[in-house]
Amino acid sequence: MKFGYLVTASSLLLAAPAAAQDSLRADVAKDMPSLIALYRDLHANPELSGKEVKTAAKLAAEARKLGFKVTEKVGRTGVVAVMENGPGPVLLMRADMDGLPVTEDTGLPFASKVRATTDEGIESGVMHACGHDTHMSAWVGAAKRLAAMKDRWSGTLVMILQPAEERGWGAKWMLDDGLYTRFPKPTHAIAFHDNAAMPAGMIGITSGYALANVDSVDLVVKGIGGHGAYPHTVKDPVVLAARIVTALQTLVSREVDPQAPSVVTVGSFRAGSKHNIVPAEATLLLTVRSYTPEVRKQLLDGIARIARGEAIAAGIPENLMPTVKIKDEFTPATYNTPELAGRLRELFAARFGADRVVATPATMGGEDFGRYHLADKSIQSTIFWVGGVPQAVWDASRQPGGKPLPSLHSAHWAPDAEKTIATATEAITAAALDILAKR
């Protein structure tokens, strides 16, 4: 995911405003040495989606030491840690565990040197290029604080470690494995994501749709191959695929309501092997993004219609019509319920100061955290952003000719881990104390 939020603050001060009158920040500060040690360990030892075996075992052990009732292998490698503490709401708090097939190039002394083979058979370096190591570290930090502050809250904590967020599978795996039937069903759900376009320690909250539906589509365009010197004897799938690429642009520009955000991007166009051979097929790989189910259907139906229509116009026989495959990596749009989003924004502004909390626009990035709300829309749910860009890097990027910031999923992404984890730990702990406050 890549976020394009504009933050105008030229510097970020982490001093506590007058509104923060408890010891939480000081307690989190005492935990930071151990949390940073954990972060560096997680960063140096990432695991790919669905293979988070060692990561899950390590963090499950941490939760057990704190007194949580822990169940492992929920949704394959997922972990559920439950702490019941009297009557009250049930709060689900999620962190995701998986790394990415990216070879790290940050220069950090604890940089990942892990290599692995993806499900597609590609050998690659592995890196926490999306910051899930900060998510897990803050998850442990919040678990420590809340276990130590049981006199301050009443209700049930369901803290989950989710696999395979990067593939859009993990939340579904955990839900399908009985997350809401085997364990207390949440009334509220919260999570955070580090942000590569905000200074470290800033907090961003979106009300309503926050992240997009994300579909991956494989479109295979068929033709009749032959010699490039005799184009009249072939049905050229390269030309047909090029027509389809061009026609697809009209879905967003001329068919979808301009006030309904949507994206259709052709990320890959593969065909042929030699200059003078017309191939028998071409393959297009698409990412398709939207917010509402209605627009998602409009885009996917439109892709199939355009592909078939262009093939008919090109004289392709019925048995060679293009095939459109929607992959099973679908990530549904994430919707922040306005009531909880507004409540957390006010809470964070009071605690951290209004200059550190911003309203962020929705992004076309994807996040399967939205599934926890979609599985039961009575659940109040919010995911918020915590800035991770080191202040010096941020300031330099704002100068004329400044170096662009590395995005999430970049081999160069290196957040200010201390500020990010400290802010996130305090924020999610404070959120839990507010939601589970004794009445």
# chains A, B, ... in the order shown; residues from 1 in each chain; ligands from 1
>>> closest_atom_pairs(of="range 205-249 of chain A", to="range 286-289 of chain A", cutoff="7 Å", atoms="only C-alpha atoms", output="JSON lines")
{"residue": "A:Ala212", "atom": "CA", "partner": "A:Arg289", "partner_atom": "CA", "distance": 6.0}
{"residue": "A:Asn213", "atom": "CA", "partner": "A:Arg289", "partner_atom": "CA", "distance": 5.3}
{"residue": "A:Val214", "atom": "CA", "partner": "A:Arg289", "partner_atom": "CA", "distance": 4.9}
{"residue": "A:Asp215", "atom": "CA", "partner": "A:Val288", "partner_atom": "CA", "distance": 5.0}
{"residue": "A:Ser216", "atom": "CA", "partner": "A:Thr287", "partner_atom": "CA", "distance": 4.8}
{"residue": "A:Val217", "atom": "CA", "partner": "A:Leu286", "partner_atom": "CA", "distance": 5.0}
{"residue": "A:Asp218", "atom": "CA", "partner": "A:Leu286", "partner_atom": "CA", "distance": 6.4}
>>> write_last_selection(atoms="N, CA, C and O atoms", output="PDB file, in the first residue's frame")
ATOM      1  N   ALA A 212      -9.660   0.210  -0.301  1.00  0.00           N
ATOM      2  CA  ALA A 212     -10.473  -0.193  -1.442  1.00  0.00           C
ATOM      3  C   ALA A 212     -10.706  -1.697  -1.551  1.00  0.00           C
ATOM      4  O   ALA A 212      -9.958  -2.511  -0.998  1.00  0.00           O
ATOM      5  N   ASN A 213     -11.778  -2.047  -2.322  1.00  0.00           N
ATOM      6  CA  ASN A 213     -11.856  -3.383  -2.894  1.00  0.00           C
ATOM      7  C   ASN A 213     -10.651  -3.564  -3.805  1.00  0.00           C
ATOM      8  O   ASN A 213     -10.336  -2.673  -4.606  1.00  0.00           O
ATOM      9  N   VAL A 214      -9.994  -4.709  -3.716  1.00  0.00           N
ATOM     10  CA  VAL A 214      -8.849  -4.975  -4.590  1.00  0.00           C
ATOM     11  C   VAL A 214      -9.043  -6.330  -5.252  1.00  0.00           C
ATOM     12  O   VAL A 214      -9.121  -7.354  -4.571  1.00  0.00           O
ATOM     13  N   ASP A 215      -9.134  -6.323  -6.583  1.00  0.00           N
ATOM     14  CA  ASP A 215      -9.223  -7.556  -7.361  1.00  0.00           C
ATOM     15  C   ASP A 215      -8.023  -7.672  -8.271  1.00  0.00           C
ATOM     16  O   ASP A 215      -7.566  -6.679  -8.864  1.00  0.00           O
ATOM     17  N   SER A 216      -7.500  -8.884  -8.391  1.00  0.00           N
ATOM     18  CA  SER A 216      -6.461  -9.188  -9.376  1.00  0.00           C
ATOM     19  C   SER A 216      -7.097 -10.015 -10.486  1.00  0.00           C
ATOM     20  O   SER A 216      -7.751 -11.032 -10.203  1.00  0.00           O
ATOM     21  N   VAL A 217      -6.929  -9.570 -11.710  1.00  0.00           N
ATOM     22  CA  VAL A 217      -7.595 -10.202 -12.849  1.00  0.00           C
ATOM     23  C   VAL A 217      -6.545 -10.642 -13.876  1.00  0.00           C
ATOM     24  O   VAL A 217      -5.689  -9.849 -14.275  1.00  0.00           O
ATOM     25  N   ASP A 218      -6.626 -11.905 -14.280  1.00  0.00           N
ATOM     26  CA  ASP A 218      -5.784 -12.429 -15.365  1.00  0.00           C
ATOM     27  C   ASP A 218      -6.651 -12.509 -16.622  1.00  0.00           C
ATOM     28  O   ASP A 218      -7.679 -13.194 -16.639  1.00  0.00           O
TER      29      ASP A 218
END
>>> select_by_dssp(residues="range 272-322 of chain A", states="helix (DSSP H, G or I)", output="JSON, numbers by chain")
{"A": [293, 294, 295, 296, 297, 298, 299, 300, 301, 302, 303, 304, 305, 306, 307, 308, 309, 310, 311, 312, 313, 318, 319, 320]}
>>> write_last_selection(atoms="N, CA and C atoms", output="PDB file, in the first residue's frame")
ATOM      1  N   PRO A 293     -19.635  -2.432  -3.495  1.00  0.00           N
ATOM      2  CA  PRO A 293     -19.878  -3.668  -4.246  1.00  0.00           C
ATOM      3  C   PRO A 293     -20.447  -3.391  -5.637  1.00  0.00           C
ATOM      4  N   GLU A 294     -21.264  -2.340  -5.746  1.00  0.00           N
ATOM      5  CA  GLU A 294     -21.890  -2.041  -7.039  1.00  0.00           C
ATOM      6  C   GLU A 294     -20.853  -1.623  -8.080  1.00  0.00           C
ATOM      7  N   VAL A 295     -19.924  -0.758  -7.690  1.00  0.00           N
ATOM      8  CA  VAL A 295     -18.896  -0.323  -8.641  1.00  0.00           C
ATOM      9  C   VAL A 295     -17.937  -1.472  -8.946  1.00  0.00           C
ATOM     10  N   ARG A 296     -17.629  -2.269  -7.957  1.00  0.00           N
ATOM     11  CA  ARG A 296     -16.768  -3.437  -8.209  1.00  0.00           C
ATOM     12  C   ARG A 296     -17.381  -4.326  -9.289  1.00  0.00           C
ATOM     13  N   LYS A 297     -18.673  -4.632  -9.167  1.00  0.00           N
ATOM     14  CA  LYS A 297     -19.340  -5.478 -10.167  1.00  0.00           C
ATOM     15  C   LYS A 297     -19.343  -4.801 -11.529  1.00  0.00           C
ATOM     16  N   GLN A 298     -19.579  -3.492 -11.551  1.00  0.00           N
ATOM     17  CA  GLN A 298     -19.594  -2.764 -12.809  1.00  0.00           C
ATOM     18  C   GLN A 298     -18.248  -2.874 -13.521  1.00  0.00           C
ATOM     19  N   LEU A 299     -17.161  -2.767 -12.781  1.00  0.00           N
ATOM     20  CA  LEU A 299     -15.829  -2.840 -13.385  1.00  0.00           C
ATOM     21  C   LEU A 299     -15.523  -4.250 -13.881  1.00  0.00           C
ATOM     22  N   LEU A 300     -15.779  -5.253 -13.042  1.00  0.00           N
ATOM     23  CA  LEU A 300     -15.448  -6.628 -13.436  1.00  0.00           C
ATOM     24  C   LEU A 300     -16.300  -7.090 -14.613  1.00  0.00           C
ATOM     25  N   ASP A 301     -17.586  -6.755 -14.590  1.00  0.00           N
ATOM     26  CA  ASP A 301     -18.449  -7.099 -15.723  1.00  0.00           C
ATOM     27  C   ASP A 301     -17.989  -6.360 -16.984  1.00  0.00           C
ATOM     28  N   GLY A 302     -17.569  -5.105 -16.809  1.00  0.00           N
ATOM     29  CA  GLY A 302     -17.125  -4.319 -17.955  1.00  0.00           C
ATOM     30  C   GLY A 302     -15.867  -4.867 -18.586  1.00  0.00           C
ATOM     31  N   ILE A 303     -14.957  -5.373 -17.785  1.00  0.00           N
ATOM     32  CA  ILE A 303     -13.726  -5.964 -18.319  1.00  0.00           C
ATOM     33  C   ILE A 303     -14.061  -7.161 -19.199  1.00  0.00           C
ATOM     34  N   ALA A 304     -14.924  -8.036 -18.711  1.00  0.00           N
ATOM     35  CA  ALA A 304     -15.306  -9.211 -19.505  1.00  0.00           C
ATOM     36  C   ALA A 304     -16.018  -8.800 -20.791  1.00  0.00           C
ATOM     37  N   ARG A 305     -16.897  -7.799 -20.695  1.00  0.00           N
ATOM     38  CA  ARG A 305     -17.644  -7.358 -21.874  1.00  0.00           C
ATOM     39  C   ARG A 305     -16.722  -6.744 -22.925  1.00  0.00           C
ATOM     40  N   ILE A 306     -15.811  -5.887 -22.473  1.00  0.00           N
ATOM     41  CA  ILE A 306     -14.894  -5.231 -23.413  1.00  0.00           C
ATOM     42  C   ILE A 306     -13.984  -6.250 -24.082  1.00  0.00           C
ATOM     43  N   ALA A 307     -13.459  -7.202 -23.298  1.00  0.00           N
ATOM     44  CA  ALA A 307     -12.568  -8.214 -23.876  1.00  0.00           C
ATOM     45  C   ALA A 307     -13.290  -9.020 -24.949  1.00  0.00           C
ATOM     46  N   ARG A 308     -14.499  -9.428 -24.660  1.00  0.00           N
ATOM     47  CA  ARG A 308     -15.252 -10.208 -25.650  1.00  0.00           C
ATOM     48  C   ARG A 308     -15.630  -9.349 -26.859  1.00  0.00           C
ATOM     49  N   GLY A 309     -16.072  -8.125 -26.584  1.00  0.00           N
ATOM     50  CA  GLY A 309     -16.482  -7.262 -27.693  1.00  0.00           C
ATOM     51  C   GLY A 309     -15.337  -6.956 -28.649  1.00  0.00           C
ATOM     52  N   GLU A 310     -14.157  -6.664 -28.128  1.00  0.00           N
ATOM     53  CA  GLU A 310     -13.012  -6.386 -28.994  1.00  0.00           C
ATOM     54  C   GLU A 310     -12.597  -7.633 -29.772  1.00  0.00           C
ATOM     55  N   ALA A 311     -12.726  -8.804 -29.134  1.00  0.00           N
ATOM     56  CA  ALA A 311     -12.387 -10.037 -29.837  1.00  0.00           C
ATOM     57  C   ALA A 311     -13.347 -10.293 -30.991  1.00  0.00           C
ATOM     58  N   ILE A 312     -14.632 -10.041 -30.769  1.00  0.00           N
ATOM     59  CA  ILE A 312     -15.607 -10.204 -31.850  1.00  0.00           C
ATOM     60  C   ILE A 312     -15.284  -9.239 -32.983  1.00  0.00           C
ATOM     61  N   ALA A 313     -14.955  -7.984 -32.622  1.00  0.00           N
ATOM     62  CA  ALA A 313     -14.620  -6.993 -33.655  1.00  0.00           C
ATOM     63  C   ALA A 313     -13.386  -7.394 -34.449  1.00  0.00           C
ATOM     64  N   GLU A 318     -15.415 -18.119 -31.889  1.00  0.00           N
ATOM     65  CA  GLU A 318     -15.999 -18.307 -30.562  1.00  0.00           C
ATOM     66  C   GLU A 318     -15.127 -19.174 -29.658  1.00  0.00           C
ATOM     67  N   ASN A 319     -14.491 -20.177 -30.224  1.00  0.00           N
ATOM     68  CA  ASN A 319     -13.694 -21.079 -29.388  1.00  0.00           C
ATOM     69  C   ASN A 319     -12.373 -20.453 -28.928  1.00  0.00           C
ATOM     70  N   LEU A 320     -12.080 -19.246 -29.391  1.00  0.00           N
ATOM     71  CA  LEU A 320     -10.855 -18.558 -28.984  1.00  0.00           C
ATOM     72  C   LEU A 320     -11.151 -17.225 -28.294  1.00  0.00           C
TER      73      LEU A 320
END
>>> closest_atom_pairs(of="range 413-437 of chain A", to="range 114-130 of chain A", cutoff="10 Å", atoms="only C-alpha atoms", output="JSON lines")
{"residue": "A:Trp413", "atom": "CA", "partner": "A:Ala129", "partner_atom": "CA", "distance": 6.0}
{"residue": "A:Ala414", "atom": "CA", "partner": "A:Ala129", "partner_atom": "CA", "distance": 8.0}
{"residue": "A:Pro415", "atom": "CA", "partner": "A:Ala129", "partner_atom": "CA", "distance": 9.7}
>>> select_by_dssp(residues="range 269-370 of chain A", states="strand (DSSP E or B)", output="PyMOL selection string")
chain A and resi 269-271+277-278+281-290+323-326+331+334-336+357-359
>>> write_last_selection(atoms="N, CA and C atoms", output="CSV table (one decimal), in the first residue's frame")
chain,number,residue,atom,x,y,z
A,269,PHE,N,1.8,-6.9,-19.5
A,269,PHE,CA,1.4,-7.3,-20.8
A,269,PHE,C,2.5,-8.2,-21.3
A,270,ARG,N,2.1,-9.5,-21.5
A,270,ARG,CA,3.1,-10.5,-21.9
A,270,ARG,C,2.7,-11.2,-23.1
A,271,ALA,N,3.6,-11.2,-24.1
A,271,ALA,CA,3.2,-11.9,-25.4
A,271,ALA,C,4.5,-12.2,-26.2
A,277,ILE,N,7.6,-13.6,-35.1
A,277,ILE,CA,6.6,-14.6,-34.8
A,277,ILE,C,5.4,-14.0,-34.2
A,278,VAL,N,4.2,-14.1,-34.8
A,278,VAL,CA,3.0,-13.7,-34.2
A,278,VAL,C,2.6,-14.8,-33.2
A,281,GLU,N,-1.1,-16.2,-28.2
A,281,GLU,CA,-1.9,-15.6,-27.1
A,281,GLU,C,-1.0,-14.5,-26.4
A,282,ALA,N,-1.7,-13.6,-25.7
A,282,ALA,CA,-1.1,-12.6,-24.9
A,282,ALA,C,-1.9,-12.6,-23.6
A,283,THR,N,-1.1,-12.2,-22.5
A,283,THR,CA,-1.7,-12.2,-21.2
A,283,THR,C,-1.6,-10.8,-20.6
A,284,LEU,N,-2.7,-10.4,-20.1
A,284,LEU,CA,-2.8,-9.1,-19.4
A,284,LEU,C,-3.0,-9.4,-17.9
A,285,LEU,N,-2.3,-8.7,-17.0
A,285,LEU,CA,-2.6,-8.8,-15.6
A,285,LEU,C,-3.0,-7.5,-15.1
A,286,LEU,N,-4.2,-7.5,-14.4
A,286,LEU,CA,-4.9,-6.2,-14.0
A,286,LEU,C,-5.0,-6.1,-12.5
A,287,THR,N,-5.0,-4.9,-12.0
A,287,THR,CA,-5.5,-4.7,-10.7
A,287,THR,C,-6.7,-3.7,-10.8
A,288,VAL,N,-7.7,-4.1,-10.1
A,288,VAL,CA,-9.0,-3.4,-10.2
A,288,VAL,C,-9.5,-3.0,-8.8
A,289,ARG,N,-9.7,-1.7,-8.7
A,289,ARG,CA,-10.0,-1.1,-7.3
A,289,ARG,C,-11.2,-0.2,-7.3
A,290,SER,N,-12.0,-0.3,-6.2
A,290,SER,CA,-13.2,0.4,-6.0
A,290,SER,C,-13.5,0.4,-4.5
A,323,THR,N,-10.3,-15.2,-22.1
A,323,THR,CA,-10.7,-15.7,-20.8
A,323,THR,C,-10.4,-14.7,-19.7
A,324,VAL,N,-11.3,-14.5,-18.8
A,324,VAL,CA,-11.1,-13.5,-17.7
A,324,VAL,C,-11.2,-14.3,-16.4
A,325,LYS,N,-10.1,-14.3,-15.7
A,325,LYS,CA,-10.1,-15.0,-14.4
A,325,LYS,C,-9.8,-14.0,-13.3
A,326,ILE,N,-10.8,-14.0,-12.3
A,326,ILE,CA,-10.7,-13.1,-11.1
A,326,ILE,C,-10.0,-14.0,-10.1
A,331,THR,N,-9.5,-8.6,-1.9
A,331,THR,CA,-9.5,-7.9,-0.6
A,331,THR,C,-10.7,-7.0,-0.6
A,334,THR,N,-12.3,-1.7,3.1
A,334,THR,CA,-12.3,-1.5,4.6
A,334,THR,C,-13.1,-0.3,4.9
A,335,TYR,N,-14.1,-0.5,5.7
A,335,TYR,CA,-15.0,0.6,6.1
A,335,TYR,C,-14.8,0.9,7.6
A,336,ASN,N,-14.4,2.2,7.9
A,336,ASN,CA,-14.3,2.6,9.3
A,336,ASN,C,-15.7,3.1,9.7
A,357,VAL,N,-2.8,14.7,15.0
A,357,VAL,CA,-3.9,13.8,14.6
A,357,VAL,C,-4.5,14.5,13.4
A,358,VAL,N,-4.6,13.8,12.3
A,358,VAL,CA,-5.1,14.4,11.0
A,358,VAL,C,-6.2,13.5,10.5
A,359,ALA,N,-7.2,14.1,9.8
A,359,ALA,CA,-8.2,13.4,9.0
A,359,ALA,C,-7.6,13.0,7.7
>>> closest_atom_pairs(of="range 326-394 of chain A", to="range 179-199 of chain A", cutoff="12 Å", atoms="only C-alpha atoms", output="JSON lines")
{"residue": "A:Thr334", "atom": "CA", "partner": "A:Ala191", "partner_atom": "CA", "distance": 11.5}
{"residue": "A:Tyr335", "atom": "CA", "partner": "A:Ala189", "partner_atom": "CA", "distance": 11.5}
{"residue": "A:Asn336", "atom": "CA", "partner": "A:Ile190", "partner_atom": "CA", "distance": 9.4}
{"residue": "A:Thr337", "atom": "CA", "partner": "A:His188", "partner_atom": "CA", "distance": 10.0}
{"residue": "A:Glu339", "atom": "CA", "partner": "A:His188", "partner_atom": "CA", "distance": 11.0}
{"residue": "A:Leu340", "atom": "CA", "partner": "A:His188", "partner_atom": "CA", "distance": 8.4}
{"residue": "A:Ala341", "atom": "CA", "partner": "A:Ile190", "partner_atom": "CA", "distance": 9.7}
{"residue": "A:Leu344", "atom": "CA", "partner": "A:Ile190", "partner_atom": "CA", "distance": 10.0}
{"residue": "A:Asp355", "atom": "CA", "partner": "A:Pro199", "partner_atom": "CA", "distance": 11.9}
{"residue": "A:Arg356", "atom": "CA", "partner": "A:Pro199", "partner_atom": "CA", "distance": 9.5}
{"residue": "A:Val357", "atom": "CA", "partner": "A:Met198", "partner_atom": "CA", "distance": 10.9}
{"residue": "A:Val358", "atom": "CA", "partner": "A:Met198", "partner_atom": "CA", "distance": 10.1}
{"residue": "A:Thr360", "atom": "CA", "partner": "A:Met198", "partner_atom": "CA", "distance": 10.4}
{"residue": "A:Thr363", "atom": "CA", "partner": "A:Asn195", "partner_atom": "CA", "distance": 11.7}
{"residue": "A:Gly365", "atom": "CA", "partner": "A:His193", "partner_atom": "CA", "distance": 11.6}
{"residue": "A:Gly366", "atom": "CA", "partner": "A:His193", "partner_atom": "CA", "distance": 11.4}
{"residue": "A:Glu367", "atom": "CA", "partner": "A:His193", "partner_atom": "CA", "distance": 9.4}
{"residue": "A:Asp368", "atom": "CA", "partner": "A:Ala191", "partner_atom": "CA", "distance": 11.2}
{"residue": "A:Phe369", "atom": "CA", "partner": "A:Ala191", "partner_atom": "CA", "distance": 7.8}
{"residue": "A:Gly370", "atom": "CA", "partner": "A:Ala189", "partner_atom": "CA", "distance": 9.7}
{"residue": "A:Arg371", "atom": "CA", "partner": "A:Ala189", "partner_atom": "CA", "distance": 10.6}
{"residue": "A:Tyr372", "atom": "CA", "partner": "A:Ala189", "partner_atom": "CA", "distance": 7.4}
{"residue": "A:His373", "atom": "CA", "partner": "A:Ala189", "partner_atom": "CA", "distance": 7.6}
{"residue": "A:Leu374", "atom": "CA", "partner": "A:Ala189", "partner_atom": "CA", "distance": 11.4}
{"residue": "A:Ala375", "atom": "CA", "partner": "A:Tyr180", "partner_atom": "CA", "distance": 9.0}
{"residue": "A:Asp376", "atom": "CA", "partner": "A:Pro186", "partner_atom": "CA", "distance": 9.3}
{"residue": "A:Lys377", "atom": "CA", "partner": "A:Thr187", "partner_atom": "CA", "distance": 9.8}
{"residue": "A:Ser378", "atom": "CA", "partner": "A:Thr187", "partner_atom": "CA", "distance": 7.3}
{"residue": "A:Ile379", "atom": "CA", "partner": "A:Thr187", "partner_atom": "CA", "distance": 4.9}
{"residue": "A:Gln380", "atom": "CA", "partner": "A:His188", "partner_atom": "CA", "distance": 4.6}
{"residue": "A:Ser381", "atom": "CA", "partner": "A:Ala189", "partner_atom": "CA", "distance": 4.6}
{"residue": "A:Thr382", "atom": "CA", "partner": "A:Ile190", "partner_atom": "CA", "distance": 5.1}
{"residue": "A:Ile383", "atom": "CA", "partner": "A:Ala191", "partner_atom": "CA", "distance": 4.7}
{"residue": "A:Phe384", "atom": "CA", "partner": "A:Phe192", "partner_atom": "CA", "distance": 4.7}
{"residue": "A:Trp385", "atom": "CA", "partner": "A:His193", "partner_atom": "CA", "distance": 4.9}
{"residue": "A:Val386", "atom": "CA", "partner": "A:Asp194", "partner_atom": "CA", "distance": 4.8}
{"residue": "A:Gly387", "atom": "CA", "partner": "A:Met198", "partner_atom": "CA", "distance": 4.5}
{"residue": "A:Gly388", "atom": "CA", "partner": "A:Asn195", "partner_atom": "CA", "distance": 5.5}
{"residue": "A:Val389", "atom": "CA", "partner": "A:Pro199", "partner_atom": "CA", "distance": 4.6}
{"residue": "A:Pro390", "atom": "CA", "partner": "A:Pro199", "partner_atom": "CA", "distance": 6.2}
{"residue": "A:Gln391", "atom": "CA", "partner": "A:Pro199", "partner_atom": "CA", "distance": 5.8}
{"residue": "A:Ala392", "atom": "CA", "partner": "A:Pro199", "partner_atom": "CA", "distance": 9.2}
{"residue": "A:Val393", "atom": "CA", "partner": "A:Pro199", "partner_atom": "CA", "distance": 8.7}
{"residue": "A:Trp394", "atom": "CA", "partner": "A:Pro199", "partner_atom": "CA", "distance": 6.2}
>>> write_last_selection(atoms="N, CA and C atoms", output="CSV table (one decimal), in the first residue's frame")
chain,number,residue,atom,x,y,z
A,334,THR,N,-12.3,-1.7,3.1
A,334,THR,CA,-12.3,-1.5,4.6
A,334,THR,C,-13.1,-0.3,4.9
A,335,TYR,N,-14.1,-0.5,5.7
A,335,TYR,CA,-15.0,0.6,6.1
A,335,TYR,C,-14.8,0.9,7.6
A,336,ASN,N,-14.4,2.2,7.9
A,336,ASN,CA,-14.3,2.6,9.3
A,336,ASN,C,-15.7,3.1,9.7
A,337,THR,N,-16.3,2.5,10.7
A,337,THR,CA,-17.6,3.0,11.2
A,337,THR,C,-17.4,4.4,11.7
A,339,GLU,N,-18.9,6.2,13.9
A,339,GLU,CA,-19.0,6.4,15.3
A,339,GLU,C,-17.7,6.2,16.0
A,340,LEU,N,-17.1,5.0,15.7
A,340,LEU,CA,-15.8,4.7,16.4
A,340,LEU,C,-14.7,5.5,15.8
A,341,ALA,N,-14.6,5.8,14.5
A,341,ALA,CA,-13.6,6.6,14.0
A,341,ALA,C,-13.6,8.0,14.6
A,344,LEU,N,-12.3,7.8,18.3
A,344,LEU,CA,-10.9,7.6,18.4
A,344,LEU,C,-10.1,8.9,18.0
A,355,ASP,N,-2.3,18.7,16.8
A,355,ASP,CA,-1.4,18.9,15.7
A,355,ASP,C,-0.8,17.5,15.3
A,356,ARG,N,-1.0,16.5,16.1
A,356,ARG,CA,-0.5,15.1,15.7
A,356,ARG,C,-1.5,14.2,15.1
A,357,VAL,N,-2.8,14.7,15.0
A,357,VAL,CA,-3.9,13.8,14.6
A,357,VAL,C,-4.5,14.5,13.4
A,358,VAL,N,-4.6,13.8,12.3
A,358,VAL,CA,-5.1,14.4,11.0
A,358,VAL,C,-6.2,13.5,10.5
A,360,THR,N,-7.5,11.7,7.4
A,360,THR,CA,-6.8,11.3,6.2
A,360,THR,C,-7.9,10.9,5.1
A,363,THR,N,-7.8,5.7,0.6
A,363,THR,CA,-6.8,5.4,-0.3
A,363,THR,C,-7.3,4.2,-1.1
A,365,GLY,N,-5.3,1.7,-1.7
A,365,GLY,CA,-4.6,0.6,-1.2
A,365,GLY,C,-5.6,-0.5,-0.6
A,366,GLY,N,-5.2,-1.7,-0.4
A,366,GLY,CA,-6.0,-2.7,0.1
A,366,GLY,C,-5.6,-3.2,1.5
A,367,GLU,N,-6.5,-3.7,2.2
A,367,GLU,CA,-6.3,-4.2,3.6
A,367,GLU,C,-7.4,-5.1,4.0
A,368,ASP,N,-7.1,-6.4,4.3
A,368,ASP,CA,-8.2,-7.3,4.6
A,368,ASP,C,-8.8,-7.2,6.0
A,369,PHE,N,-8.3,-6.2,6.8
A,369,PHE,CA,-8.9,-5.9,8.1
A,369,PHE,C,-10.4,-5.7,7.9
A,370,GLY,N,-10.9,-5.1,6.8
A,370,GLY,CA,-12.3,-4.8,6.6
A,370,GLY,C,-13.2,-6.1,6.7
A,371,ARG,N,-12.6,-7.3,6.6
A,371,ARG,CA,-13.5,-8.5,6.6
A,371,ARG,C,-14.1,-8.7,8.0
A,372,TYR,N,-13.4,-8.2,9.1
A,372,TYR,CA,-13.9,-8.4,10.4
A,372,TYR,C,-15.2,-7.7,10.6
A,373,HIS,N,-15.4,-6.5,10.0
A,373,HIS,CA,-16.6,-5.8,10.1
A,373,HIS,C,-17.6,-6.3,9.1
A,374,LEU,N,-17.2,-6.7,7.9
A,374,LEU,CA,-18.1,-7.2,7.0
A,374,LEU,C,-18.8,-8.5,7.4
A,375,ALA,N,-18.1,-9.3,8.2
A,375,ALA,CA,-18.6,-10.6,8.7
A,375,ALA,C,-19.8,-10.3,9.7
A,376,ASP,N,-19.9,-9.2,10.3
A,376,ASP,CA,-21.0,-8.8,11.1
A,376,ASP,C,-21.0,-7.3,11.2
A,377,LYS,N,-21.9,-6.6,10.5
A,377,LYS,CA,-21.8,-5.2,10.4
A,377,LYS,C,-22.3,-4.4,11.7
A,378,SER,N,-22.7,-5.2,12.7
A,378,SER,CA,-22.9,-4.5,14.0
A,378,SER,C,-21.6,-4.2,14.7
A,379,ILE,N,-20.5,-4.7,14.3
A,379,ILE,CA,-19.2,-4.5,14.9
A,379,ILE,C,-18.7,-3.1,14.6
A,380,GLN,N,-18.4,-2.3,15.6
A,380,GLN,CA,-17.8,-1.0,15.4
A,380,GLN,C,-16.3,-1.2,15.1
A,381,SER,N,-15.8,-0.6,14.0
A,381,SER,CA,-14.5,-1.0,13.5
A,381,SER,C,-13.7,0.2,12.9
A,382,THR,N,-12.4,0.3,13.2
A,382,THR,CA,-11.6,1.3,12.7
A,382,THR,C,-10.1,0.8,12.6
A,383,ILE,N,-9.5,1.1,11.5
A,383,ILE,CA,-8.1,1.0,11.3
A,383,ILE,C,-7.6,2.4,11.1
A,384,PHE,N,-6.5,2.7,11.8
A,384,PHE,CA,-5.9,4.1,11.6
A,384,PHE,C,-4.4,4.0,11.3
A,385,TRP,N,-3.9,5.1,10.9
A,385,TRP,CA,-2.5,5.1,10.4
A,385,TRP,C,-1.6,5.7,11.4
A,386,VAL,N,-0.4,5.2,11.5
A,386,VAL,CA,0.6,5.9,12.4
A,386,VAL,C,1.8,6.1,11.5
A,387,GLY,N,2.2,7.4,11.4
A,387,GLY,CA,3.3,7.8,10.5
A,387,GLY,C,4.6,7.1,10.9
A,388,GLY,N,5.4,6.8,9.9
A,388,GLY,CA,6.7,6.1,10.2
A,388,GLY,C,7.9,6.8,9.6
A,389,VAL,N,7.7,7.9,8.8
A,389,VAL,CA,8.9,8.5,8.1
A,389,VAL,C,9.8,9.2,9.1
A,390,PRO,N,11.0,8.9,9.2
A,390,PRO,CA,11.9,9.6,10.1
A,390,PRO,C,11.9,11.1,9.8
A,391,GLN,N,11.9,11.9,10.9
A,391,GLN,CA,11.7,13.4,10.7
A,391,GLN,C,12.7,14.0,9.7
A,392,ALA,N,14.0,13.6,9.9
A,392,ALA,CA,15.0,14.2,9.0
A,392,ALA,C,14.7,13.8,7.5
A,393,VAL,N,14.3,12.6,7.3
A,393,VAL,CA,14.0,12.2,5.9
A,393,VAL,C,12.8,12.9,5.4
A,394,TRP,N,11.8,13.1,6.3
A,394,TRP,CA,10.6,13.9,5.9
A,394,TRP,C,11.0,15.3,5.5
